[in-house]
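Each remark here refers to the structure printed beneath this line.
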Amino acid sequence: MSPVRKKRLYTLMLILSAVGLAAFLLLQAFSENMMFYFSTSEVQQGKAPPGRDFRLGGLVVNGTVQRDPNSLKVRFDLTDGAAKVTVEYRGILPDLFREGQGIIANGRLNAEGIFVAHEVLAKHDENYMPPEVAHSLKQAENNAIKTQQATP
Amino acid sequence: MIVEIGHFALILGLAFALVLATVPLLGVEKRQPLWMDVARTAAIGQFALLALAFACLIYAFVQDDFSVKYVAHNSNTQLPLIFKISATWGAHEGSLLLWALILTLWTLAAALFAKQLPPTLKARMLSVLGWVAAGFILFILLTSNPFERLLDIPTEGRSLNPLLQDIGLAIHPPMLYMGYVGMAVAFAFAVAVLLEGKMENAWAHWAQTWTLIAWAFLTLGIALGSWWAYYELGWGGWWFWDPVENASLLPWIVATALIHSLAITAKRGSFQAWSLLLAILTFGLSLLGTFLVRSGVLTSVHAFSSDPSRGVFILVFLVVIVGAALLLFSARAHLVTQRRVFQPLSKETLLLLNNVLLIAIMATVLLGTLYPLILDALGIAKLSVGAPYFNSVIVPLTVPLALLMGLGFATHWRESRAGGLLTQLWPVLLVSALIAFIVPLLLLPDLQGWALVGLFMSAWIALSALQWLWQNRASKNSAGRVTERRRILGAVLAHTGFAVMLAGITVTSLYSIEKDVRLAPEESYSIGTTRFEFGGVIQKQEHNYLASEGTVKVYVNDRWLTNLHPQKRTYLSQSMPMTEAGIDAQLSRDLFVALGEKLDAQAWSLRIQYKPLIRWIWLGAILMALGALLALPSSRQRRQEVAE
């Protein structure tokens with residue numbers, strides 16, 4: 001092999017191993033930090049991963065927001081129209097959080113099946129519905145129609 | 001009537017853009033200098049018409065002309081004049097018109113200040129800009145016409161989203177667009193060079209000038225957005241890895257690589273093809289950013305509108321423009337390539353490695369931004385990739401980037417000797433390490449590993465840059481030498497700015513204290529020696545909103561420092577509340593207080609934050625932008641080298 005060829009080969013090997021390492025790091029970080037979205041119905045059917053963070057979306061059920069009088073703890077229910085999941089959060093809720101509003105919460109399920117959120121997101125537009133939530137609501141509605149048709 | 005004039009001016013602007021896109025190009029083919037000269041006239045006309053159209057739209061806003069749909073949806077009579085004007089680009093249609101206007105402004109500037117380039121290259125370049133302008137104006141006219149009228153004329157408009165009623169918003173988009181769209185010049189240059197089939201290295205100076213100016217705007221635009229999000233969204237964060245933020249960061253990263261690659265081309269006469277590829281890529285990512293923000297595929301603070309036809313148009317436009325450029329590149333890049341020998345240890349190698357790292361960082365951000373969108377579009381899964389992903393990949397990539405950056409200052413073009421480098425750099429290395437150890441011990445509450453790394457990198461970059469400045473202090477007083485010194489100073493300033501930003505990011509990320517607390521009036525909460533005493537909330541009425549205004553007295557070591565007044569505003573035209581934080585800003589730290597919710601008759605939840613060195617992030621960005629402008633090649637320098 002000529003010296004030039006040899007040099008090129010080394011360069012190529014160096015680049016390839018660097019790219020390989022980068023790709024490995026990237027995929028590692030990716031799989032660890034991906035958060036899937038689940039609707040409340042899917043959570044009730046046990047589809048959500050236990051012991052792992054995910055995103056939960058739905059409408060805040062009217063009359064379910066309960067505040068702890070001495071701390072910033074708050075509890076409320078989320079629904080997609082078919083199933084409810086209770087959410088617990090400690091902290092300041094976003095400006096547009098209110099009953100009946102579509103929101104998304106990031107967190108995980110605890111042993112009692114309560115969703116412990118570390119972040120609650122509501123969008124800065126009063127007419128806005130997170131698309132994931134809109135999708136879940138529609139799906140729950142469709143399922144309801146199907147079951148009705150199946151049991152006349 | 002005025003509105004119709006605006007609409008008509010826009011249509012006429014399209015006609016001028018089409019002339020610009022075709023006639024000069026034909027002129028080059030047919031060797032007709034007169035046809036090529038049409039480019040200048042067309043560029044002037046195109047800009048004048050777009051400016052007229054934009055002025056008409058502003059006029060409609062100022063006059064509260066609610067017969068115009070866009071005005072009715074985004075303004076109302078209660079809005080202060082300054083926000084009526086800035087509302088012009090507050091939503092989709094108007095911001096696209098601003099995009100097009102800025103593109104024609106850059107085109108005009110390129111037409112007027114390209115005397116150094118040969119006429120054929122200039123004509124081709126301006127034609128390419130004409131194609132881009134034609135595409136965008138067509139897009140506006142077909143899918144997003146801001147001059148559309150309403151049949152039912154409302155007596156009052158719907159108003160501008162309160163978040164956007166802020167001076168930060170008034171200047172953030174124009175700044176950002178100046179940067180984004182300015183990359184079109186380098187893109188058009190690259191395509192023109194490929195059409196020409198040869199590249200003279202002196203032209204790289206020309207391309208570098210334009211890229212540097214656009215880059216300075218983009219840097220300031222991104223920093224402004226970050227600053228605005230910090231004080232306006234009420235969370236106290238300065239970067240959220242939100243897809244829209246990423247969309248502006250992507251072209252910035254590649255443009256940074258482009259500036260450095262062009263420096264090699266200009267100085268050493270190599271890397272031509274790589275520079276051209278980066279120029280194409282930068283503008284491609286600018287277009288991608290526009291697509292992401294303006295197509296409604298994103299759920300974000302910025303995406304207020306969505307209409308699938310808009311997304312499809314931009315996507316097709318993006319694929320056609322960038323696809324054609326890349327095809328051209330693959331067919332003709334070999335024509336412009338020159339090989340120059342350089343040793344493994346040289347400035348060239350280090351700049352190349354840094355380019356590779358920058359591209360890797362760009363790819364990481366791109367993947368994290370697009371992957372969830374693609375999976376969702378294909379119906380496979382709905383997922384999101386949070387900040388931890390970006391942080392865990394980008395932080396390790398920044399370490400070698402910073403190390404090479406410092407090393408780059410000490411190395412020579414073509415060849416450096418390892419021994420020489422070591423003798424030169426060991427003092428810098430030592431002082432940087434000392435700073436990294438001593439600063440946390442003296443000024444920070446504890447010593448964390450990443451703080452050590454971050455501060456070391458900051459000191460390393462800044463000190464190597466300053467050492468380089470010191471080595472270049474000797475001067476002869478010739479004119480060229482003065483320019484060279486100004487450019488060196490600019491480079492040092494820009495890299496020091498990056499070091500300042502890096503230090504700010506490191507310290508504020510690791511040592512910020514963020515607490516959500518419940519406080520009744522007279523109650524206090526302390527962070528270290530700083531005590532926040534809640535003084536209750538009063539109601540206030542302002543011109544177009546109601547506000548609950550809290551008072552928080554701040555004491556340091558029990559001595560009164562200042563009163564903060566965080567607000568919760570409800571705008572009259574809309575029922576949505578929004579948070580206005582109370583901030584005490586100092587170079588060393590910010591105290592940030594935001595009102596949460598009213599919990600009972602007396603108590604409120606409050607968000608209290610202590611953010612050390614957060615100002616350094618934006619200060620660093622300002623230094624970087626200033627440095628870029630100082631580093632512009634002088635027009636004399638460019639001309640001389642063309643003459644050689």
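Each chain of the structure tokens is named A, B, ... in the order shown, its residues numbered from 1; ligands are numbered from 1 in display order.
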
- Would you kindly report the residues of chain A within 9 Å of chain B, using only C-alpha atoms, as a ChimeraX atom specification? /A:19,22,25-26,29-38,54-55,67,69-72,90-96,123-126,128,130-132

- Message: At a cut-off of 9 Å, using only C-alpha atoms, what residues contact Trp252 of chain B? Leave out same-chain residues fewer than 6 positions from it and give the result as a count of residues only.
- Response: 8

- Just the residues within 7 Å of Asn106 of chain A, please, counting only C-alpha atoms, with nothing from its chain fewer than 3 positions along; format it as a VMD selection string. chain A and resid 53 to 56 117 to 120

Once you have the residues from the selection above, write them out as a PDB file, in the first residue's frame, restricted to C-alpha atoms.
```
ATOM      1  CA  ASP A  53     -42.040   9.074  32.349  1.00  0.00           C
ATOM      2  CA  PHE A  54     -44.674   9.677  29.736  1.00  0.00           C
ATOM      3  CA  ARG A  55     -47.038  12.414  28.611  1.00  0.00           C
ATOM      4  CA  LEU A  56     -50.690  12.272  29.581  1.00  0.00           C
ATOM      5  CA  ALA A 117     -46.777  15.097  37.219  1.00  0.00           C
ATOM      6  CA  HIS A 118     -43.593  17.113  37.354  1.00  0.00           C
ATOM      7  CA  GLU A 119     -44.767  19.471  34.650  1.00  0.00           C
ATOM      8  CA  VAL A 120     -48.171  20.658  33.488  1.00  0.00           C
TER       9      VAL A 120
END
```

- Mind checking which residues fall within 10 Å of Ser39 of chain A, counting only C-alpha atoms, ignoring those fewer than 6 positions away in the same chain, and posting them as an NGL selection string? :A and (47-48 or 55-58 or 78-80 or 82-85 or 104 or 132-133 or 135-137 or 139-140)

Residues from last step as file, C-alpha atoms, as a tab-separated table (two decimals), in the first residue's frame:
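To be explicit, this is the file written out as out-v1.tsv:
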```
chain	number	residue	atom	x	y	z
A	47	LYS	CA	-50.86	0.46	28.06
A	48	ALA	CA	-48.69	3.07	29.73
A	55	ARG	CA	-47.04	12.41	28.61
A	56	LEU	CA	-50.69	12.27	29.58
A	57	GLY	CA	-53.28	14.48	27.94
A	58	GLY	CA	-56.95	15.22	28.42
A	78	LEU	CA	-58.16	14.29	33.41
A	79	THR	CA	-60.50	12.65	30.92
A	80	ASP	CA	-60.72	11.91	27.24
A	82	ALA	CA	-64.29	7.74	28.27
A	83	ALA	CA	-61.85	7.22	31.15
A	84	LYS	CA	-60.50	9.30	34.02
A	85	VAL	CA	-57.05	9.47	35.53
A	104	ILE	CA	-50.78	17.87	28.86
A	132	GLU	CA	-52.71	15.04	20.96
A	133	VAL	CA	-55.66	15.73	23.26
A	135	HIS	CA	-56.96	13.20	18.80
A	136	SER	CA	-57.63	11.25	22.05
A	137	LEU	CA	-61.05	12.84	22.49
A	139	GLN	CA	-60.78	8.34	19.39
A	140	ALA	CA	-62.69	7.88	22.66
```

- Message: To test your reading of the structure, identify every residue in chain A that backbone DSSP assigns to helix (DSSP H, G or I), and report it as an MDAnalysis selection string.
- Response: chainID A and resid 3:33 40:44 131:150

- Item | Surrounding residues of segment 537-554 of chain B excluding itself and chain neighbours under 2 positions, 9 Å, only C-alpha atoms, as a count of residues only | 33

Close residues, Leu466 of chain B itself excluded, 10 Å, only C-alpha atoms, min 3 positions apart in chain, as a PDB file with C-alpha atoms, in the first residue's frame:
```
ATOM      1  CA  PHE B 409      -5.718  30.178  17.820  1.00  0.00           C
ATOM      2  CA  VAL B 428      -2.822  29.348  29.115  1.00  0.00           C
ATOM      3  CA  TRP B 460      -9.336  28.369  27.741  1.00  0.00           C
ATOM      4  CA  ILE B 461     -11.137  29.913  24.772  1.00  0.00           C
ATOM      5  CA  ALA B 462     -10.930  33.489  26.056  1.00  0.00           C
ATOM      6  CA  LEU B 463      -7.284  33.269  27.105  1.00  0.00           C
ATOM      7  CA  LEU B 469      -4.255  39.028  19.989  1.00  0.00           C
ATOM      8  CA  TRP B 470      -1.066  39.722  21.969  1.00  0.00           C
ATOM      9  CA  GLN B 471       1.078  37.852  19.438  1.00  0.00           C
ATOM     10  CA  ASN B 472      -0.432  39.898  16.621  1.00  0.00           C
ATOM     11  CA  LEU B 489      -9.854  42.101  17.158  1.00  0.00           C
ATOM     12  CA  VAL B 492     -11.071  37.682  19.420  1.00  0.00           C
ATOM     13  CA  LEU B 493     -14.167  39.573  20.539  1.00  0.00           C
ATOM     14  CA  HIS B 495     -14.737  34.051  20.550  1.00  0.00           C
ATOM     15  CA  THR B 496     -14.536  35.816  23.916  1.00  0.00           C
TER      16      THR B 496
END
```

- Message: Neighbouring residues of Thr107 of chain B were defined as those with any atom within 12 Å, considering only C-alpha atoms; residues of the same chain fewer than 5 positions away were excluded. Please report them as a PyMOL selection string.
- Response: chain B and resi 17+20-21+39-48+100-102+112-114+122-123+125-133+178+181-189+210

- Message: So the first atom is atom CA of Ala410 of chain B and the second is atom CA of Trp468 of chain B; what is the distance between them in Å, to one decimal place?
- Response: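 Value for the atom CA of Ala410 of chain B-atom CA of Trp468 of chain B distance: 6.7 Å.
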
- Query: Which value, in Å to one decimal, gives the distance between atom CA of Val191 of chain B and atom CA of Arg310 of chain B?
  - Reply: 26.1 Å

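Nearest residue to Ile103 of chain A, choosing from A:Val116, A:Leu21, A:Ala134, A:Val74 and counting only C-alpha atoms: A:Ala134.
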
- Message: Using only C-alpha atoms for the distances, tell me which of B:Ala628, B:Ile321, B:Leu315, B:Val439 is nearest to Leu281 of chain B.
- Response: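 Using only C-alpha atoms, the shortest distance to Leu281 of chain B belongs to B:Ile321.
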
- Residues of chain A in strand (DSSP E), written as a VMD selection string: chain A and resid 34 to 39 54 to 60 66 to 67 73 to 79 84 to 90 102 to 109 115 to 121

- For Phe97 of chain A, which of A:Ala144, A:Leu9, A:Val61, A:Ala111 is the closest residue, counting only C-alpha atoms?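 Checking each candidate against Phe97 of chain A, we get A:Val61 as the closest.
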